[in-house]
Each structure stands twice: as C-alpha cells, then as structure tokens.
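Colleague: What follows is a structure written as structure tokens; I'll ask about it next.
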Amino acid sequence: MKIKNVLIAALVATSFFSGMAYAAGKDKAGIKMEESVHDFGIIKEDGGPVSHEFQFVNDGDANLVIFGAQVECGCTTPEFPRQPIAPGKKGKIKVTYNPLGRPGSFDKVVTIKSNGKSGKVRLKVKGRVMPKKD
C-alpha cells in the first residue's frame, strides 16, 4: 500500500510540475530590437552630447517590463519606458553619449534588463571624438 501511495504522489507531482513548465513557457514577453549597434561616426568633443533612439517591439505574448539599464560609465545615459509594453506594441530606448573630456574612439555598451525571454539585451554606441581646439 505504501508503494502505491508513493507512486500516486510521484505521478501527481510530475503532472503538476509539467503543467507549471508549460504555463511558464506559454506567456512570455519578448524584446526584439530593430538594431543593437549605432555608430555616431566622428563627433566634436565640444559639440555637446549626442543621442540615438533604439526602436524595439514586444514580440511576445505578455506585457514587456524593462526593469533597468546598466552602463559602463557616467558618459552614457539610457532612457527607457517605465510603463509595460503590450504584446505587438513598439517602444524606444534612448542612449545619450557625452563626449566632453573624452577625445578618441569610444565603444560603450548598455545592458537592458527586462522580463523578456532573453532577460537581457545589449545595445552599443560607438564613434570617434575629435578633440576640441584650444
């Protein structure tokens, strides 16, 4: 009798966890970027900050929530939607780079954290800063 109860409990547990795995994989948000790299080309050190808007779409079945953005240094500033993005809807992430005091080439990564299928998306801005003339 004990073996029968153990087998029944195991069968119930297997069914339960299989159902949870199916449900967990069913409704997921997605973040599909139109591009993940932007090259500003040559910019002037004293020309002020430059910005680019990365466009994306939620290609999943649930609302997309962006939790935050991690940058490599204070020279790069991301702006992202604070409200959930519905399935099929578009959004944008604005990345601004400040070239002041940073002559030479740059290659900066912004890591976007969300509830999307991949969890993280990496965006890159790059270019070359021409030194200001004294």
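Naming scheme: A, B, ... for chains in displayed order of the structure tokens; residues 1 onward per chain; ligands 1 onward as shown.
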Can you tell me which residues surround Gly47 of chain A at a distance of at most 10 Å, considering only C-alpha atoms, apart from same-chain residues fewer than 2 positions away, and format the answer as a list in words?
Modeller: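 Counting only the stated atoms, we get Ile43, Lys44, Glu45, Pro49, Val50, Asn98, Pro99, Leu100, Val129, Met130 and Lys132 of chain A.
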Colleague: Go ahead and dump the residues you just picked, all heavy atoms, as a PDB file, in the first residue's frame.
Modeller:
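Now in part_4.pdb:
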ATOM      1  N   ILE A  43      32.412  62.802 -34.070  1.00  0.00           N
ATOM      2  CA  ILE A  43      31.700  63.883 -33.386  1.00  0.00           C
ATOM      3  C   ILE A  43      32.722  64.790 -32.713  1.00  0.00           C
ATOM      4  O   ILE A  43      33.864  64.389 -32.457  1.00  0.00           O
ATOM      5  CB  ILE A  43      30.684  63.342 -32.358  1.00  0.00           C
ATOM      6  CG1 ILE A  43      31.379  62.495 -31.291  1.00  0.00           C
ATOM      7  CG2 ILE A  43      29.592  62.543 -33.051  1.00  0.00           C
ATOM      8  CD1 ILE A  43      30.451  62.031 -30.170  1.00  0.00           C
ATOM      9  N   LYS A  44      32.320  66.031 -32.441  1.00  0.00           N
ATOM     10  CA  LYS A  44      33.211  67.001 -31.811  1.00  0.00           C
ATOM     11  C   LYS A  44      33.121  66.894 -30.293  1.00  0.00           C
ATOM     12  O   LYS A  44      32.024  66.758 -29.741  1.00  0.00           O
ATOM     13  CB  LYS A  44      32.844  68.412 -32.242  1.00  0.00           C
ATOM     14  CG  LYS A  44      33.064  68.672 -33.708  1.00  0.00           C
ATOM     15  CD  LYS A  44      32.681  70.101 -34.052  1.00  0.00           C
ATOM     16  CE  LYS A  44      32.887  70.358 -35.535  1.00  0.00           C
ATOM     17  NZ  LYS A  44      32.516  71.746 -35.877  1.00  0.00           N
ATOM     18  N   GLU A  45      34.267  66.988 -29.641  1.00  0.00           N
ATOM     19  CA  GLU A  45      34.315  66.923 -28.186  1.00  0.00           C
ATOM     20  C   GLU A  45      33.486  68.036 -27.554  1.00  0.00           C
ATOM     21  O   GLU A  45      32.798  67.825 -26.560  1.00  0.00           O
ATOM     22  CB  GLU A  45      35.762  67.012 -27.699  1.00  0.00           C
ATOM     23  CG  GLU A  45      35.900  66.953 -26.202  1.00  0.00           C
ATOM     24  CD  GLU A  45      37.339  67.081 -25.726  1.00  0.00           C
ATOM     25  OE1 GLU A  45      38.262  67.214 -26.554  1.00  0.00           O
ATOM     26  OE2 GLU A  45      37.535  67.046 -24.503  1.00  0.00           O
ATOM     27  N   PRO A  49      26.404  66.592 -26.051  1.00  0.00           N
ATOM     28  CA  PRO A  49      26.012  65.181 -26.069  1.00  0.00           C
ATOM     29  C   PRO A  49      25.279  64.800 -27.354  1.00  0.00           C
ATOM     30  O   PRO A  49      24.599  65.627 -27.961  1.00  0.00           O
ATOM     31  CB  PRO A  49      25.073  65.058 -24.861  1.00  0.00           C
ATOM     32  CG  PRO A  49      25.434  66.195 -23.970  1.00  0.00           C
ATOM     33  CD  PRO A  49      25.843  67.299 -24.887  1.00  0.00           C
ATOM     34  N   VAL A  50      25.420  63.536 -27.749  1.00  0.00           N
ATOM     35  CA  VAL A  50      24.731  63.002 -28.922  1.00  0.00           C
ATOM     36  C   VAL A  50      23.852  61.842 -28.457  1.00  0.00           C
ATOM     37  O   VAL A  50      24.179  61.139 -27.506  1.00  0.00           O
ATOM     38  CB  VAL A  50      25.718  62.522 -30.017  1.00  0.00           C
ATOM     39  CG1 VAL A  50      26.450  63.704 -30.629  1.00  0.00           C
ATOM     40  CG2 VAL A  50      26.731  61.524 -29.463  1.00  0.00           C
ATOM     41  N   ASN A  98      28.057  61.558 -23.839  1.00  0.00           N
ATOM     42  CA  ASN A  98      28.649  62.877 -23.637  1.00  0.00           C
ATOM     43  C   ASN A  98      30.140  62.806 -23.963  1.00  0.00           C
ATOM     44  O   ASN A  98      30.909  62.178 -23.226  1.00  0.00           O
ATOM     45  CB  ASN A  98      28.445  63.339 -22.193  1.00  0.00           C
ATOM     46  CG  ASN A  98      28.896  64.768 -21.988  1.00  0.00           C
ATOM     47  OD1 ASN A  98      29.510  65.380 -22.856  1.00  0.00           O
ATOM     48  ND2 ASN A  98      28.593  65.305 -20.819  1.00  0.00           N
ATOM     49  N   PRO A  99      30.586  63.461 -25.048  1.00  0.00           N
ATOM     50  CA  PRO A  99      31.981  63.357 -25.477  1.00  0.00           C
ATOM     51  C   PRO A  99      32.947  64.302 -24.755  1.00  0.00           C
ATOM     52  O   PRO A  99      34.157  64.177 -24.929  1.00  0.00           O
ATOM     53  CB  PRO A  99      31.897  63.719 -26.960  1.00  0.00           C
ATOM     54  CG  PRO A  99      30.771  64.692 -27.033  1.00  0.00           C
ATOM     55  CD  PRO A  99      29.772  64.206 -26.005  1.00  0.00           C
ATOM     56  N   LEU A 100      32.439  65.232 -23.951  1.00  0.00           N
ATOM     57  CA  LEU A 100      33.297  66.234 -23.314  1.00  0.00           C
ATOM     58  C   LEU A 100      34.366  65.578 -22.436  1.00  0.00           C
ATOM     59  O   LEU A 100      34.059  64.787 -21.547  1.00  0.00           O
ATOM     60  CB  LEU A 100      32.457  67.197 -22.472  1.00  0.00           C
ATOM     61  CG  LEU A 100      33.196  68.422 -21.935  1.00  0.00           C
ATOM     62  CD1 LEU A 100      33.766  69.262 -23.082  1.00  0.00           C
ATOM     63  CD2 LEU A 100      32.271  69.260 -21.069  1.00  0.00           C
ATOM     64  N   VAL A 129      35.673  60.728 -31.153  1.00  0.00           N
ATOM     65  CA  VAL A 129      35.547  62.095 -30.699  1.00  0.00           C
ATOM     66  C   VAL A 129      36.779  62.887 -31.140  1.00  0.00           C
ATOM     67  O   VAL A 129      37.912  62.535 -30.783  1.00  0.00           O
ATOM     68  CB  VAL A 129      35.397  62.145 -29.156  1.00  0.00           C
ATOM     69  CG1 VAL A 129      35.331  63.605 -28.672  1.00  0.00           C
ATOM     70  CG2 VAL A 129      34.192  61.361 -28.709  1.00  0.00           C
ATOM     71  N   MET A 130      36.532  63.942 -31.917  1.00  0.00           N
ATOM     72  CA  MET A 130      37.614  64.840 -32.340  1.00  0.00           C
ATOM     73  C   MET A 130      37.868  65.835 -31.207  1.00  0.00           C
ATOM     74  O   MET A 130      36.935  66.459 -30.707  1.00  0.00           O
ATOM     75  CB  MET A 130      37.222  65.609 -33.608  1.00  0.00           C
ATOM     76  CG  MET A 130      37.028  64.699 -34.824  1.00  0.00           C
ATOM     77  SD  MET A 130      38.476  63.686 -35.243  1.00  0.00           S
ATOM     78  CE  MET A 130      39.659  64.927 -35.658  1.00  0.00           C
ATOM     79  N   LYS A 132      38.669  69.019 -28.937  1.00  0.00           N
ATOM     80  CA  LYS A 132      38.347  70.440 -29.124  1.00  0.00           C
ATOM     81  C   LYS A 132      39.641  71.214 -29.348  1.00  0.00           C
ATOM     82  O   LYS A 132      40.713  70.826 -28.896  1.00  0.00           O
ATOM     83  CB  LYS A 132      37.565  70.976 -27.930  1.00  0.00           C
ATOM     84  CG  LYS A 132      38.273  70.897 -26.603  1.00  0.00           C
ATOM     85  CD  LYS A 132      37.376  71.383 -25.501  1.00  0.00           C
ATOM     86  CE  LYS A 132      38.057  71.161 -24.152  1.00  0.00           C
ATOM     87  NZ  LYS A 132      37.216  71.615 -23.061  1.00  0.00           N
TER      88      LYS A 132
END
Colleague: So which residues of segment 6-133 of chain A fall under alpha helix (DSSP H) by DSSP, listed as a PyMOL selection string?
Modeller: chain A and resi 6-26
Colleague: Set out as CSV a contact list for segment 38-110 of chain A and segment 116-122 of chain A with a cut-off of 8 Å, giving each residue of segment 38-110 of chain A that qualifies its closest atom pair and distance in Å to one decimal, counting only C-alpha atoms, ordered by chain and rising residue number.
Modeller:
residue,atom,partner,partner_atom,distance
A:Gly60,CA,A:Gly116,CA,7.8
A:Leu64,CA,A:Gly116,CA,6.3
A:Val65,CA,A:Gly116,CA,7.6
A:Val109,CA,A:Arg122,CA,6.5
A:Val110,CA,A:Arg122,CA,5.7
Colleague: Rounded to one decimal, what separation in Å do you get between atom CA of Val37 of chain A and atom CA of Phe67 of chain A?
Modeller: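 Atom CA of Phe67 of chain A lies 20.8 Å from atom CA of Val37 of chain A.
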Colleague: Using only C-alpha atoms, which protein or nucleic acid residues come within 10 Å of Glu34 of chain A? Drop anything in the same chain fewer than 3 positions from it, and give the result as a list in words.
Modeller: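 In the requested form, the answer reads Ile31, Val37, Phe54, Gln55, Phe56, Val57 and Lys92 of chain A.
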Colleague: Residues as selected, N, CA and C atoms, written as a short mmCIF file (atom, residue, chain, number, x, y, z; two decimals), in the first residue's frame, can you do that?
Modeller:
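Listing of part.cif after writing:
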data_model
loop_
_atom_site.label_atom_id
_atom_site.label_comp_id
_atom_site.auth_asym_id
_atom_site.auth_seq_id
_atom_site.Cartn_x
_atom_site.Cartn_y
_atom_site.Cartn_z
N ILE A 31 11.57 41.08 -26.42
CA ILE A 31 12.07 42.40 -26.84
C ILE A 31 12.93 42.18 -28.08
N VAL A 37 23.36 48.15 -32.52
CA VAL A 37 24.59 48.94 -32.57
C VAL A 37 24.32 50.22 -33.36
N PHE A 54 17.00 53.63 -30.01
CA PHE A 54 16.91 52.24 -30.45
C PHE A 54 15.44 51.83 -30.39
N GLN A 55 14.88 51.42 -31.52
CA GLN A 55 13.48 51.01 -31.60
C GLN A 55 13.37 49.51 -31.32
N PHE A 56 12.27 49.11 -30.66
CA PHE A 56 12.03 47.70 -30.41
C PHE A 56 10.54 47.41 -30.47
N VAL A 57 10.21 46.12 -30.52
CA VAL A 57 8.83 45.67 -30.46
C VAL A 57 8.74 44.52 -29.46
N LYS A 92 10.91 52.55 -27.47
CA LYS A 92 12.26 53.00 -27.82
C LYS A 92 13.09 53.19 -26.56
#
Colleague: Separation of atom CA of Gly101 of chain A and atom CA of Glu35 of chain A, in Å?
Modeller: 28.0 Å
Colleague: My list of candidates is A:Thr111, A:Tyr97, A:Glu79, A:Gly30. Which is closest to Gly127 of chain A when distances are computed with only C-alpha atoms?
Modeller: A:Tyr97
Colleague: Go ahead and compute the interatomic distance for atom CA of Asp61 of chain A and atom CA of Val125 of chain A, in Å to one decimal.
Modeller: 29.5 Å
